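What's in query27.cif: mmCIF, C-alpha atoms and all ligand atoms
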data_structure
#
loop_
_atom_site.label_atom_id
_atom_site.label_comp_id
_atom_site.auth_asym_id
_atom_site.auth_seq_id
_atom_site.Cartn_x
_atom_site.Cartn_y
_atom_site.Cartn_z
CA MET A 27 105.38 117.35 89.23
CA THR A 28 102.06 118.18 87.60
CA GLN A 29 98.79 118.01 89.53
CA ASP A 30 97.87 114.88 87.55
CA GLU A 31 101.17 113.22 88.50
CA LEU A 32 100.47 114.00 92.17
CA LYS A 33 96.99 112.49 91.82
CA GLN A 34 98.46 109.40 90.14
CA ALA A 35 100.97 109.01 92.97
CA VAL A 36 98.26 108.97 95.65
CA ALA A 37 96.11 106.66 93.55
CA ARG A 38 99.01 104.20 93.45
CA ALA A 39 99.61 104.60 97.20
CA ALA A 40 95.95 103.84 97.94
CA ILE A 41 96.29 100.35 96.48
CA GLU A 42 97.95 99.37 99.77
CA TYR A 43 94.54 99.87 101.44
CA VAL A 44 92.68 97.51 99.10
CA PRO A 45 91.84 94.34 101.06
CA SER A 46 91.92 90.93 99.40
CA GLY A 47 88.69 89.16 98.54
CA GLU A 48 86.45 92.02 99.65
CA ILE A 49 84.13 94.61 98.17
CA ILE A 50 85.34 98.19 98.34
CA GLY A 51 83.66 101.57 97.88
CA VAL A 52 84.97 103.81 95.12
CA GLY A 53 84.52 107.56 94.76
CA THR A 54 84.17 109.94 91.85
CA GLY A 55 86.41 112.47 90.12
CA SER A 56 89.79 112.65 88.42
CA THR A 57 91.78 111.29 91.40
CA ALA A 58 89.27 108.46 91.88
CA ASN A 59 89.60 107.74 88.15
CA PHE A 60 93.37 107.34 88.52
CA PHE A 61 92.68 105.00 91.44
CA ILE A 62 90.25 102.92 89.36
CA ASP A 63 92.91 102.60 86.66
CA GLU A 64 95.38 101.31 89.31
CA LEU A 65 92.72 98.98 90.71
CA GLY A 66 92.20 97.61 87.21
CA LYS A 67 95.79 96.33 87.29
CA ILE A 68 95.06 94.17 90.39
CA LYS A 69 91.36 93.61 89.77
CA ASP A 70 91.43 89.96 90.87
CA ARG A 71 92.30 91.07 94.41
CA VAL A 72 88.74 92.41 94.99
CA LYS A 73 85.36 90.73 94.79
CA GLY A 74 83.88 93.91 93.40
CA ALA A 75 83.18 97.55 94.08
CA VAL A 76 80.29 99.82 94.99
CA ALA A 77 80.37 102.97 92.86
CA SER A 78 79.48 106.47 94.02
CA SER A 79 78.31 107.56 90.55
CA GLU A 80 77.27 106.26 87.16
CA ALA A 81 80.58 107.56 85.73
CA THR A 82 82.56 105.56 88.29
CA ALA A 83 80.45 102.44 87.66
CA GLU A 84 81.16 102.74 83.95
CA ARG A 85 84.92 103.13 84.48
CA LEU A 86 85.04 100.19 86.91
CA ARG A 87 83.20 98.00 84.40
CA SER A 88 85.56 99.11 81.61
CA HIS A 89 88.36 97.51 83.67
CA GLY A 90 86.34 94.32 84.21
CA ILE A 91 85.71 95.09 87.90
CA PRO A 92 82.25 93.86 89.03
CA VAL A 93 80.00 96.71 90.23
CA LEU A 94 77.64 95.84 93.07
CA ASP A 95 74.42 97.45 94.25
CA LEU A 96 74.90 98.91 97.74
CA ASN A 97 71.69 97.16 98.81
CA GLU A 98 73.49 93.85 98.38
CA VAL A 99 76.41 94.88 100.58
CA GLU A 100 76.26 94.95 104.38
CA SER A 101 79.63 96.48 105.11
CA MET A 102 82.93 97.40 103.50
CA SER A 103 86.29 97.93 105.08
CA VAL A 104 87.29 100.86 102.87
CA TYR A 105 85.89 103.68 100.80
CA ILE A 106 88.47 105.47 98.63
CA ASP A 107 87.71 108.88 97.17
CA GLY A 108 89.11 112.35 96.44
CA ALA A 109 88.16 115.69 97.98
CA ASP A 110 87.91 119.32 96.94
CA GLU A 111 89.30 120.52 100.28
CA ILE A 112 90.46 118.74 103.43
CA THR A 113 91.59 120.11 106.79
CA ALA A 114 94.23 118.79 109.15
CA THR A 115 91.41 117.21 111.18
CA GLY A 116 89.97 115.27 108.21
CA ALA A 117 86.88 117.43 107.52
CA MET A 118 86.24 117.78 103.79
CA ILE A 119 84.33 119.62 101.12
CA LYS A 120 83.27 117.22 98.39
CA GLY A 121 80.89 117.33 95.44
CA GLY A 122 82.86 119.17 92.79
CA GLY A 123 81.88 116.26 90.57
CA ALA A 124 78.22 116.44 91.70
CA ALA A 125 78.34 112.97 93.28
CA LEU A 126 78.22 114.10 96.93
CA THR A 127 75.05 112.25 97.97
CA ARG A 128 76.07 108.85 96.69
CA GLU A 129 79.61 109.47 97.97
CA LYS A 130 78.27 110.13 101.46
CA ILE A 131 75.99 107.10 101.32
CA VAL A 132 78.71 104.68 100.20
CA ALA A 133 81.20 106.17 102.67
CA SER A 134 78.69 105.72 105.51
CA VAL A 135 78.73 101.95 104.98
CA ALA A 136 82.54 101.71 105.00
CA ARG A 137 84.61 101.37 108.14
CA GLN A 138 87.45 103.56 106.81
CA PHE A 139 87.39 106.59 104.51
CA ILE A 140 90.70 106.90 102.64
CA CYS A 141 90.95 110.35 101.07
CA ILE A 142 93.32 110.68 98.11
CA ALA A 143 94.17 114.16 96.90
CA ASP A 144 96.96 116.33 95.66
CA GLY A 145 98.51 118.40 98.45
CA SER A 146 96.90 121.65 97.27
CA LYS A 147 93.60 120.38 98.71
CA LEU A 148 94.89 120.66 102.29
CA VAL A 149 93.55 123.91 103.82
CA ASP A 150 93.38 125.57 107.23
CA VAL A 151 89.74 126.59 106.86
CA LEU A 152 87.18 125.06 104.49
CA GLY A 153 85.30 127.35 102.13
CA ASN A 154 87.55 128.67 99.39
CA PHE A 155 86.04 125.93 97.27
CA PRO A 156 82.30 126.66 96.81
CA LEU A 157 80.26 124.34 99.04
CA PRO A 158 78.00 122.04 96.96
CA VAL A 159 74.47 121.39 98.21
CA GLU A 160 72.26 118.85 96.40
CA VAL A 161 68.62 119.93 96.39
CA ILE A 162 65.21 118.68 95.28
CA PRO A 163 64.48 120.74 92.11
CA MET A 164 61.15 122.22 93.32
CA ALA A 165 62.91 123.53 96.45
CA GLN A 166 65.95 125.11 94.81
CA ALA A 167 64.85 128.76 95.13
CA ALA A 168 63.64 128.29 98.71
CA VAL A 169 66.84 126.49 99.71
CA ALA A 170 68.97 129.16 97.99
CA ARG A 171 67.30 131.85 100.15
CA ARG A 172 68.09 129.90 103.29
CA LEU A 173 71.69 129.37 102.19
CA LYS A 174 72.09 133.08 101.42
CA ALA A 175 71.03 133.84 104.98
CA LEU A 176 74.06 131.84 106.17
CA GLY A 177 76.29 134.46 104.56
CA GLY A 178 77.40 132.95 101.27
CA GLU A 179 76.41 133.52 97.64
CA PRO A 180 74.34 130.59 96.33
CA ARG A 181 74.65 129.79 92.60
CA LEU A 182 72.74 127.06 90.80
CA ARG A 183 75.25 124.81 89.01
CA MET A 184 74.62 124.88 85.25
CA LYS A 185 75.61 122.58 82.40
CA ASP A 186 75.05 123.39 78.72
CA GLY A 187 72.82 126.34 79.65
CA LYS A 188 70.54 124.27 81.90
CA PRO A 189 70.62 123.37 85.60
CA LEU A 190 72.92 120.38 86.03
CA LEU A 191 71.03 117.26 87.11
CA THR A 192 72.77 114.75 89.37
CA ASP A 193 72.57 110.95 89.04
CA ASN A 194 69.64 111.29 91.48
CA GLY A 195 67.75 113.75 89.23
CA CYS A 196 68.41 116.62 91.65
CA MET A 197 70.14 120.00 91.31
CA ILE A 198 73.30 121.44 92.86
CA ILE A 199 73.57 124.84 94.51
CA ASP A 200 77.19 125.95 95.05
CA LEU A 201 77.56 128.25 98.04
CA HIS A 202 80.40 130.68 97.31
CA GLY A 203 82.39 132.79 99.72
CA LEU A 204 81.45 131.21 103.04
CA LYS A 205 84.39 130.54 105.37
CA ILE A 206 83.40 127.52 107.43
CA ALA A 207 84.39 127.99 111.06
CA ASP A 208 82.58 124.92 112.40
CA PRO A 209 82.12 122.26 109.67
CA THR A 210 80.25 119.77 111.89
CA GLN A 211 77.73 122.37 113.03
CA LEU A 212 77.22 123.74 109.47
CA GLU A 213 76.78 120.24 108.07
CA ALA A 214 73.95 119.58 110.52
CA GLU A 215 72.39 123.01 109.94
CA ILE A 216 72.32 122.73 106.13
CA ASN A 217 71.17 119.10 106.18
CA ASN A 218 68.26 120.31 108.29
CA ILE A 219 66.92 122.68 105.61
CA VAL A 220 63.81 121.16 104.02
CA GLY A 221 64.54 120.39 100.36
CA VAL A 222 68.23 119.70 100.90
CA VAL A 223 69.24 116.18 99.93
CA THR A 224 72.85 116.42 101.10
CA VAL A 225 75.47 119.05 101.80
CA GLY A 226 78.98 118.34 100.53
CA LEU A 227 80.50 118.81 103.97
CA PHE A 228 82.01 115.59 105.28
CA ALA A 229 82.74 116.52 108.89
CA GLN A 230 80.48 114.39 111.13
CA ARG A 231 82.00 111.53 109.17
CA GLY A 232 85.28 112.83 107.79
CA ALA A 233 88.29 111.00 106.42
CA ASP A 234 90.13 108.41 108.55
CA VAL A 235 93.29 108.59 106.48
CA ALA A 236 94.43 111.15 103.89
CA LEU A 237 97.09 110.42 101.31
CA LEU A 238 98.27 113.75 99.95
CA GLY A 239 100.50 114.07 96.90
CA THR A 240 103.37 116.52 97.35
CA ALA A 241 106.63 117.22 95.51
CA ASP A 242 108.38 115.38 98.37
CA GLY A 243 106.25 112.26 98.01
CA VAL A 244 102.96 111.00 99.38
CA LYS A 245 102.21 112.42 102.82
CA LYS A 246 99.94 110.36 105.08
CA LEU A 247 97.66 111.92 107.68
CA THR A 248 95.69 109.77 110.09
CA PHE A 249 92.70 111.21 111.95
O1 LIG B 1 83.71 115.03 95.49
C1 LIG B 1 84.08 114.72 94.38
C2 LIG B 1 83.13 114.43 93.28
O2 LIG B 1 81.81 114.70 93.64
C3 LIG B 1 85.54 114.61 94.09
O3 LIG B 1 86.11 113.73 94.99
C4 LIG B 1 86.15 115.97 94.23
O4 LIG B 1 85.46 116.89 93.39
C5 LIG B 1 87.65 115.95 93.86
O5 LIG B 1 87.77 115.74 92.48
P1 LIG B 1 89.17 115.56 91.77
O6 LIG B 1 89.74 114.27 92.22
O7 LIG B 1 88.81 115.57 90.31
O8 LIG B 1 90.03 116.74 92.15
#
Could you render the structure as structure tokens?
Amino acid sequence: MTQDELKQAVARAAIEYVPSGEIIGVGTGSTANFFIDELGKIKDRVKGAVASSEATAERLRSHGIPVLDLNEVESMSVYIDGADEITATGAMIKGGGAALTREKIVASVARQFICIADGSKLVDVLGNFPLPVEVIPMAQAAVARRLKALGGEPRLRMKDGKPLLTDNGCMIIDLHGLKIADPTQLEAEINNIVGVVTVGLFAQRGADVALLGTADGVKKLTF
């Protein structure tokens, strides 16, 4: 099976977690896009969705799924999103699609985080995938120095020759080459650096369920 077929399989499996008559949170990225396409087929089951990015909002609307402002939503039973890496305890690196801050915000309002990913995302130790950190633009050099002191190699994410700007008008520093021994501790430490908006470590609030696409079918992990 191709990686896209594995992503499609978990996107289909995640439909089981979509409650009737409720609002759900929806993530960003290629796996989340497959999920949105599946959701489109049963769109009348949900009242609407809260999107973790402008791209997701646009795709939801293209399927006729109402997109709600998070400020109008008190709670959600599920948030469904992909990951760049996930461990066997449910800690994740996210933000490959630059949506980490809104993803963390929407996830924080949901009771359950359902992670959907192809099986290659399951790792023993986080950190092969560069760790995204969203930063206030005027602080990017100062934050990069602090991140370098942690042992990795910070690189400003670029797009078309210019620093990439997130939906929040901020920049992303990707921290390369740092093996993450204690994700919860590192999440707190990086979030504490002045100028950091969010680090793409989801450990204090990791996944509750992971649906992982493998050649032998969808594997479910519960944390
Ligand atoms: O965190 C994310 C976006 O910010 C995505 O969930 C993550 O990058 C995985 O993407 P994909 O499903 O395309 O592999």
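Of note, CA of Ile140 (chain A) and CA of Ile219 (chain A) are spaced 28.7 Å apart.
For the set A:Gly74, A:Gly66, A:Gly195, A:Gly226, the residue with the smallest atom-to-atom gap to ligand LIG 1 (chain B) is A:Gly226, counting only C-alpha atoms and all ligand atoms.
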Would you compute the box with edges along x, y and z of the file around ligand LIG 1 (chain B), including every atom the file lists for it and 8 Å extra on each side, and give its centre and edge lengths in Å to one decimal, as lines of an AutoDock Vina configuration file?
center_x = 85.9
center_y = 115.3
center_z = 92.9
size_x = 24.2
size_y = 19.2
size_z = 21.2
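The contact shell of ligand LIG 1 (chain B), defined as all polymer residues within 6 Å when all atoms listed in the file are used, comprises Thr54, Gly55, Ser56, Thr57, Ala58, Asp107, Gly108, Ala109, Asp110, Lys120, Gly121, Gly122, Gly123, Ala124, Ala125 and Leu126 of chain A.
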Problem set entry | For Ala39 (chain A): contacts at 12 Å, all atoms listed in the file, fewer than 4 positions along chain excluded, given as a PyMOL selection string | chain A and resi 32-35+43-44+57+60-61+64-65+106+140-143+235-239+243-246
Excluding region 147-151 of chain A and any residue of its chain fewer than 6 positions from it, enumerate the residues within 6 Å of it, using all atoms listed in the file, and give them as a PDB file with C-alpha atoms, in the frame of the given file.
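Printed below is out.pdb as written:
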ATOM      1  CA  GLU A 111      89.300 120.520 100.280  1.00  0.00           C
ATOM      2  CA  ILE A 112      90.460 118.740 103.430  1.00  0.00           C
ATOM      3  CA  THR A 113      91.590 120.110 106.790  1.00  0.00           C
TER       4      THR A 113
END
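Closest approach to Met118 (chain A) among A:Leu152, A:Ala40, A:Val223, A:Ile131: A:Leu152, based on all atoms listed in the file.
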For this session: Anything within 9 Å of (81.0, 107.4, 93.5): list those residues as a list in words, counting all atoms listed in the file and sticking to the file's coordinates.
Result: Gly51, Val52, Gly53, Thr54, Gly55, Ala58, Val76, Ala77, Ser78, Ser79, Glu80, Ala81, Thr82, Ala83, Asp107, Ala125, Leu126, Thr127, Arg128, Glu129, Lys130 and Val132 of chain A
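The coordinates place CA of Leu94 (chain A) at 22.6 Å from CA of Thr224 (chain A).
When all atoms listed in the file are used to compute distances to Arg85 (chain A), the closest of the residues A:Met102, A:Pro189, A:Leu204, A:Asn59 turns out to be A:Asn59.
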